[in-house]
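Source file entry.cif; content: mmCIF, C-alpha atoms and all ligand atoms.
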data_work
#
loop_
_atom_site.label_atom_id
_atom_site.label_comp_id
_atom_site.auth_asym_id
_atom_site.auth_seq_id
_atom_site.Cartn_x
_atom_site.Cartn_y
_atom_site.Cartn_z
CA MET A 185 177.11 151.59 80.01
CA ALA A 186 174.23 149.43 81.17
CA ILE A 187 172.79 147.13 78.54
CA ALA A 188 169.57 145.26 79.30
CA ARG A 189 169.47 141.72 78.00
CA THR A 190 166.79 140.73 75.48
CA VAL A 191 165.59 137.31 74.31
CA SER A 192 167.47 135.81 71.38
CA ARG A 193 165.37 132.65 71.16
CA VAL A 194 162.35 130.95 72.70
CA VAL A 195 162.33 127.16 72.53
CA LYS A 196 159.53 124.80 73.53
CA SER A 197 160.75 121.87 75.63
CA GLN A 198 160.37 118.42 74.09
CA ILE A 199 158.89 115.37 75.78
CA ALA A 200 161.68 112.86 76.36
CA SER A 201 162.40 109.92 78.58
CA ASP A 202 165.50 109.09 80.61
CA GLY A 203 166.68 106.72 83.34
CA ALA A 204 164.50 103.60 83.32
CA GLY A 205 161.70 105.43 81.48
CA VAL A 206 161.05 108.60 83.47
CA LYS A 207 158.98 111.02 81.36
CA LEU A 208 160.28 114.57 81.29
CA ARG A 209 160.60 117.75 79.26
CA ARG A 210 164.01 118.48 77.77
CA SER A 211 164.98 121.93 76.52
CA ILE A 212 168.80 121.77 76.44
CA GLY A 213 170.71 118.66 75.45
CA SER A 214 169.00 117.42 72.34
CA GLY A 215 167.25 118.59 69.20
CA ASP A 216 167.59 122.31 68.54
CA ILE A 217 169.90 123.11 71.43
CA SER A 218 172.48 120.41 72.01
CA GLU A 219 174.32 122.69 74.45
CA LEU A 220 174.41 126.23 75.73
CA ASP A 221 177.99 126.56 76.99
CA PRO A 222 178.54 125.85 79.91
CA PHE A 223 175.14 124.09 80.20
CA LEU A 224 174.80 120.65 78.65
CA LEU A 225 171.30 119.59 79.59
CA LEU A 226 168.11 120.89 81.18
CA ASP A 227 165.30 118.49 82.07
CA ASN A 228 162.06 119.45 83.78
CA PHE A 229 160.35 116.43 85.27
CA GLY A 230 156.82 117.02 86.52
CA THR A 231 153.91 114.64 86.75
CA GLU A 232 151.22 113.34 89.08
CA ASN A 233 151.17 109.97 87.32
CA PRO A 234 153.43 107.44 89.13
CA ASP A 235 153.84 105.46 85.88
CA ASP A 236 155.87 108.41 84.57
CA TYR A 237 158.45 108.31 87.39
CA ILE A 238 158.24 105.05 89.34
CA ALA A 239 161.09 103.36 87.44
CA GLY A 240 163.47 106.15 88.52
CA PHE A 241 167.13 106.49 87.55
CA PRO A 242 168.89 103.22 88.45
CA GLU A 243 172.66 103.18 88.91
CA HIS A 244 174.61 104.98 86.16
CA PRO A 245 178.01 106.68 85.84
CA HIS A 246 179.06 110.30 85.22
CA ARG A 247 182.44 111.84 84.41
CA GLY A 248 183.67 115.29 83.43
CA PHE A 249 180.82 117.59 84.52
CA GLU A 250 178.34 118.47 87.27
CA THR A 251 174.73 117.38 87.74
CA VAL A 252 172.34 119.60 89.64
CA THR A 253 169.03 118.28 90.95
CA TYR A 254 166.44 120.74 92.23
CA MET A 255 163.31 119.17 93.70
CA ILE A 256 160.05 121.12 93.53
CA ALA A 257 157.67 118.38 94.72
CA GLY A 258 158.08 114.75 95.78
CA GLN A 259 160.93 112.68 97.21
CA MET A 260 163.87 110.95 95.56
CA ARG A 261 166.37 108.67 97.29
CA HIS A 262 169.93 109.28 96.17
CA LYS A 263 172.79 106.77 96.58
CA ASP A 264 176.30 106.77 95.14
CA SER A 265 179.67 105.07 94.91
CA THR A 266 181.27 107.34 97.54
CA GLY A 267 178.86 105.85 100.10
CA ALA A 268 176.68 108.95 100.27
CA GLU A 269 172.93 108.36 100.56
CA GLY A 270 169.96 110.56 101.36
CA VAL A 271 166.48 111.67 100.44
CA LEU A 272 165.98 114.75 98.30
CA GLY A 273 162.71 116.37 99.35
CA PRO A 274 160.76 119.37 98.03
CA GLY A 275 162.94 122.47 97.78
CA SER A 276 166.24 120.64 98.22
CA VAL A 277 169.24 121.01 95.93
CA GLN A 278 172.01 118.59 95.14
CA TRP A 279 174.98 120.04 93.28
CA MET A 280 177.12 117.05 92.39
CA THR A 281 180.55 117.52 90.82
CA ALA A 282 181.12 114.14 89.16
CA GLY A 283 184.75 115.01 88.31
CA ARG A 284 186.81 111.89 87.57
CA GLY A 285 183.85 109.62 88.05
CA ILE A 286 180.91 108.61 90.13
CA LEU A 287 178.21 105.94 90.01
CA HIS A 288 174.84 106.92 91.39
CA SER A 289 171.13 106.23 91.39
CA GLU A 290 168.07 108.35 92.03
CA MET A 291 164.90 106.43 92.81
CA PRO A 292 161.46 107.73 93.84
CA GLU A 293 160.77 107.49 97.56
CA GLN A 294 157.02 107.54 96.93
CA ARG A 295 154.50 105.43 95.04
CA GLU A 296 151.90 108.12 94.37
CA GLY A 297 151.46 111.88 94.20
CA GLU A 298 153.28 114.62 92.38
CA MET A 299 156.99 114.44 91.52
CA SER A 300 158.57 117.48 89.91
CA GLY A 301 161.82 119.33 89.61
CA PHE A 302 164.83 119.99 87.43
CA GLN A 303 168.04 118.34 86.38
CA LEU A 304 170.73 120.62 84.99
CA TRP A 305 174.12 119.51 83.66
CA VAL A 306 176.94 122.00 84.03
CA ASN A 307 180.21 121.43 82.19
CA LEU A 308 183.64 121.52 83.84
CA PRO A 309 186.72 123.09 82.23
CA ALA A 310 189.49 120.65 81.16
CA LYS A 311 191.55 121.42 84.28
CA ASP A 312 188.71 120.28 86.59
CA LYS A 313 187.26 117.35 84.62
CA LEU A 314 189.15 114.72 86.62
CA CYS A 315 188.80 116.35 90.03
CA THR A 316 187.72 114.38 93.10
CA PRO A 317 183.91 113.95 93.14
CA ARG A 318 182.19 116.42 95.41
CA TYR A 319 178.68 117.09 96.69
CA GLN A 320 176.81 120.04 97.96
CA ASN A 321 173.58 118.73 99.45
CA ILE A 322 171.40 121.60 100.52
CA GLU A 323 168.29 121.17 102.63
CA PRO A 324 165.17 123.19 101.75
CA GLU A 325 165.46 125.36 104.88
CA ASP A 326 168.98 126.38 103.86
CA VAL A 327 167.86 127.90 100.55
CA PRO A 328 167.13 131.57 101.34
CA PHE A 329 164.27 133.69 99.95
CA ALA A 330 164.51 137.25 98.67
CA LYS A 331 161.37 139.38 98.68
CA ILE A 332 160.70 141.22 95.40
CA GLU A 333 157.84 143.38 94.11
CA ASN A 334 154.77 141.08 94.13
CA GLY A 335 156.83 137.96 94.36
CA GLU A 336 159.78 136.10 95.81
CA VAL A 337 163.02 134.49 94.71
CA ARG A 338 164.60 131.34 96.12
CA VAL A 339 168.35 131.71 95.75
CA LEU A 340 170.14 128.41 95.15
CA ALA A 341 173.33 129.92 93.71
CA GLY A 342 174.43 133.49 93.06
CA GLU A 343 173.09 136.74 94.50
CA VAL A 344 169.75 138.51 94.45
CA GLU A 345 169.20 142.14 95.39
CA GLY A 346 165.85 141.82 97.20
CA LEU A 347 163.65 144.52 98.70
CA LYS A 348 165.27 143.81 102.09
CA GLY A 349 168.85 143.63 100.87
CA LEU A 350 171.26 141.23 99.26
CA VAL A 351 170.52 137.48 99.49
CA ARG A 352 173.24 134.96 98.69
CA GLY A 353 172.70 131.33 97.65
CA PRO A 354 174.34 128.44 99.56
CA VAL A 355 176.06 126.77 96.56
CA THR A 356 179.70 127.85 96.43
CA ASP A 357 183.03 127.21 94.68
CA VAL A 358 181.61 126.09 91.35
CA SER A 359 183.92 126.59 88.42
CA VAL A 360 181.50 128.48 86.11
CA ASP A 361 180.43 130.99 88.80
CA PRO A 362 176.74 130.05 88.45
CA VAL A 363 173.47 131.79 89.20
CA TYR A 364 170.51 129.48 89.83
CA ILE A 365 167.34 131.14 91.13
CA ASP A 366 163.66 130.15 91.32
CA ILE A 367 161.44 133.19 90.78
CA THR A 368 157.73 133.41 91.58
CA LEU A 369 155.88 136.46 90.29
CA GLN A 370 152.32 137.08 91.47
CA THR A 371 149.88 139.00 89.27
CA GLY A 372 151.59 142.25 88.38
CA GLY A 373 154.95 141.13 89.76
CA SER A 374 158.22 142.38 88.35
CA TYR A 375 161.90 141.90 88.98
CA ARG A 376 165.14 143.04 87.36
CA HIS A 377 168.03 140.61 87.83
CA SER A 378 171.66 141.63 87.36
CA ILE A 379 173.68 139.14 85.30
CA LYS A 380 177.42 139.31 84.65
CA PRO A 381 178.17 140.47 81.09
CA GLY A 382 179.57 137.67 78.94
CA HIS A 383 177.84 134.95 80.97
CA THR A 384 175.38 132.61 79.28
CA ALA A 385 171.87 133.01 80.72
CA PHE A 386 168.42 131.52 80.24
CA VAL A 387 164.95 131.57 81.79
CA TYR A 388 162.73 128.47 81.88
CA VAL A 389 159.05 129.07 82.72
CA PHE A 390 157.31 126.18 84.49
CA ASP A 391 154.11 127.83 85.61
CA GLY A 392 151.95 130.62 84.17
CA SER A 393 153.47 133.03 81.72
CA VAL A 394 156.26 135.59 82.00
CA ASN A 395 157.28 138.68 80.07
CA VAL A 396 161.04 138.39 79.61
CA ALA A 397 162.43 141.74 78.38
CA GLY A 398 159.36 142.33 76.21
CA THR A 399 158.96 138.75 74.95
CA THR A 400 156.11 136.58 76.25
CA VAL A 401 157.39 133.20 77.41
CA GLY A 402 154.80 130.53 78.21
CA LYS A 403 154.86 127.45 80.41
CA HIS A 404 157.49 124.81 79.50
CA HIS A 405 159.41 127.23 77.27
CA LEU A 406 163.07 128.18 77.47
CA ALA A 407 164.14 131.75 76.69
CA ILE A 408 167.81 132.23 75.82
CA LEU A 409 169.12 135.71 76.62
CA ARG A 410 171.45 137.93 74.62
CA ASP A 411 174.45 139.49 76.36
CA GLY A 412 174.02 142.42 78.73
CA ASP A 413 174.17 143.18 82.44
CA SER A 414 170.56 142.59 83.57
CA VAL A 415 167.19 141.21 82.55
CA GLN A 416 163.74 142.61 83.23
CA LEU A 417 161.00 140.10 84.15
CA SER A 418 157.32 140.74 84.76
CA SER A 419 154.03 138.88 84.73
CA SER A 420 150.45 140.09 84.40
CA GLU A 421 148.86 136.70 85.17
CA GLY A 422 151.57 135.34 87.49
CA GLY A 423 154.30 132.86 86.68
CA ARG A 424 157.15 130.81 88.05
CA MET A 425 160.52 130.26 86.39
CA ILE A 426 164.13 129.35 86.98
CA LEU A 427 166.84 131.74 85.83
CA VAL A 428 170.25 130.17 85.33
CA ALA A 429 173.51 131.81 84.27
CA GLY A 430 177.18 130.87 84.15
CA ARG A 431 180.54 131.68 82.59
CA PRO A 432 181.02 129.95 79.22
CA ILE A 433 183.99 127.55 79.10
CA GLY A 434 184.81 127.83 75.39
CA GLU A 435 186.49 124.43 75.03
CA PRO A 436 185.70 121.54 72.65
CA VAL A 437 182.97 119.21 73.94
CA ALA A 438 183.17 115.46 73.34
CA ARG A 439 180.03 113.83 74.66
CA TYR A 440 178.91 110.26 74.96
CA GLY A 441 175.89 109.55 77.17
CA PRO A 442 176.90 110.24 80.77
CA PHE A 443 180.50 111.21 79.93
CA VAL A 444 181.46 114.73 78.82
CA MET A 445 185.12 115.33 78.00
CA ASN A 446 187.14 117.48 75.56
CA THR A 447 188.32 114.80 73.11
CA PHE A 448 187.16 111.47 71.70
CA GLU A 449 190.25 109.76 73.24
CA GLU A 450 189.20 110.98 76.69
CA ILE A 451 185.73 109.53 76.10
CA GLN A 452 187.28 106.17 75.15
CA GLN A 453 189.30 106.33 78.36
CA ALA A 454 186.15 107.08 80.37
CA VAL A 455 184.32 104.10 78.86
CA GLU A 456 187.33 101.86 79.54
CA ASP A 457 187.72 103.10 83.14
CA PHE A 458 184.01 102.53 83.73
CA GLN A 459 184.05 99.03 82.21
CA THR A 460 187.11 98.00 84.21
CA GLY A 461 185.72 99.38 87.47
CA ASN A 462 188.20 102.25 87.70
CA PHE A 463 185.77 104.98 88.65
FE FE A 501 172.84 111.01 87.15
#
Mind converting the file's structure to structure tokens?
Ligand code: FE
Amino acid sequence: MAIARTVSRVVKSQIASDGAGVKLRRSIGSGDISELDPFLLLDNFGTENPDDYIAGFPEHPHRGFETVTYMIAGQMRHKDSTGAEGVLGPGSVQWMTAGRGILHSEMPEQREGEMSGFQLWVNLPAKDKLCTPRYQNIEPEDVPFAKIENGEVRVLAGEVEGLKGLVRGPVTDVSVDPVYIDITLQTGGSYRHSIKPGHTAFVYVFDGSVNVAGTTVGKHHLAILRDGDSVQLSSSEGGRMILVAGRPIGEPVARYGPFVMNTFEEIQQAVEDFQTGNF
């Protein structure tokens, strides 16, 4: 039997700062919602003031999970300990599986103008936490669009049933079987998205206002969805949002800054490996 998902909670994102002082809005990863299994963090950075981003994210480590950067506007230069380096421009996606450990930096490649986008942390199950680091760097032109009624969907990961057929995102082989889509609804737009039952799902609105299964969700708000097999979205004034979903992992989470493991001992090991240069 089909069961439409409804909203269990709406949470306003909180102003926070990370890296060397980058101002952003955090809705998962602190305060009310420390995690939403398998998601550990959601940051929305977005500003036209260079003072809010110019310091960037200098070199820092990660172990035990995945970091996903989705650029909406602006340019960031990415560099890491595997020797990979490149510029993330508007519309690009970087799905980085930190696995056993990586050191990286993300610094603005601009001194003025708008910089905006998202950083999502996705947990890894115990069996994959120490895997070899891996990247999926996806250029803007490789992220497909699906046409919907009075709107469009950019499909980063997962599948969208558009008006012209099924559109599949380029991100593959991720342990939690994720959906990550960027939905724009014009005035009067509507879209029903199928979501696997049992998977955690949320909508984050970053422009305008959206009706999520009967609940109005405004700009910079996160709507957490109850279980079900689909969600109905519409907008009378127009709005833009990301919808993210994934299979919960259901394991203990031990977290310390940029390390996310299952036990405190594994965190101690991560700190030791980092300090002794064993990443
Ligand atoms: Fe990072």
Could you list, as a PyMOL selection string, every residue within 7 Å of Arg376 in chain A, counting all atoms listed in the file and ignoring same-chain residues fewer than 5 positions away? chain A and resi 414-417
Ser420 in chain A surroundings by all atoms listed in the file, 8 Å radius, close-in-sequence under 4 positions cut, as a PyMOL selection string: chain A and resi 370-373+394
If we count all atoms listed in the file, what is near range 359-368 of chain A at a cut-off of 7 Å, once residues fewer than 6 positions away on the same chain are taken out, given as JSON, numbers by chain? {"A": [308, 335, 336, 337, 338, 339, 340, 341, 342, 423, 424, 425, 426, 427, 428, 429, 430, 431]}
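With only C-alpha atoms and all ligand atoms as the atoms that count, the residue of A:Phe443, A:Phe223, A:Phe329, A:Phe229 with the shortest distance to ligand FE 501 (chain A) is A:Phe443.
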Could you list, as a ChimeraX atom specification, all the residues within 7 Å of ligand FE 501 (chain A), counting all atoms listed in the file? /A:244-246,251,288-289
Generate a file of the selected residues that holds C-alpha atoms, formatted as an mmCIF file, keeping the file's coordinate frame.
data_model
loop_
_atom_site.group_PDB
_atom_site.id
_atom_site.type_symbol
_atom_site.label_atom_id
_atom_site.label_comp_id
_atom_site.auth_asym_id
_atom_site.auth_seq_id
_atom_site.Cartn_x
_atom_site.Cartn_y
_atom_site.Cartn_z
ATOM 1 C CA HIS A 244 174.610 104.980 86.160
ATOM 2 C CA PRO A 245 178.010 106.680 85.840
ATOM 3 C CA HIS A 246 179.060 110.300 85.220
ATOM 4 C CA THR A 251 174.730 117.380 87.740
ATOM 5 C CA HIS A 288 174.840 106.920 91.390
ATOM 6 C CA SER A 289 171.130 106.230 91.390
#
May I ask which of the residues A:Glu296, A:Gln320, A:Gly461, A:Lys196 is the closest one to Thr356 in chain A, counting only C-alpha atoms? A:Gln320
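Here CA of Ser265 in chain A stands at a distance of 25.4 Å from CA of Lys207 in chain A.
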What is the CA of Glu345 in chain A-CA of Glu323 in chain A distance in Å, reported with one decimal?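 We find that CA of Glu345 in chain A and CA of Glu323 in chain A lie 22.2 Å from each other.
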Report the distance between CA of Pro317 in chain A and CA of Glu250 in chain A in Å, rounded to one decimal place. 9.3 Å
With distances taken over only C-alpha atoms, which residue among A:Gly258, A:Pro274, A:Ala310, A:Gly434 lies nearest Thr447 in chain A?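 Residue with the minimum atom-to-atom distance to Thr447 in chain A: A:Ala310.
Using all atoms listed in the file, the nearest neighbour of Ala407 in chain A within the list A:Val271, A:Lys313, A:Tyr388, A:Met445 is A:Tyr388.
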Min atom-atom distance to Thr281 in chain A from the set A:Gly301, A:Gly412, A:Gly230, A:Pro309, counting all atoms listed in the file, belongs to A:Pro309
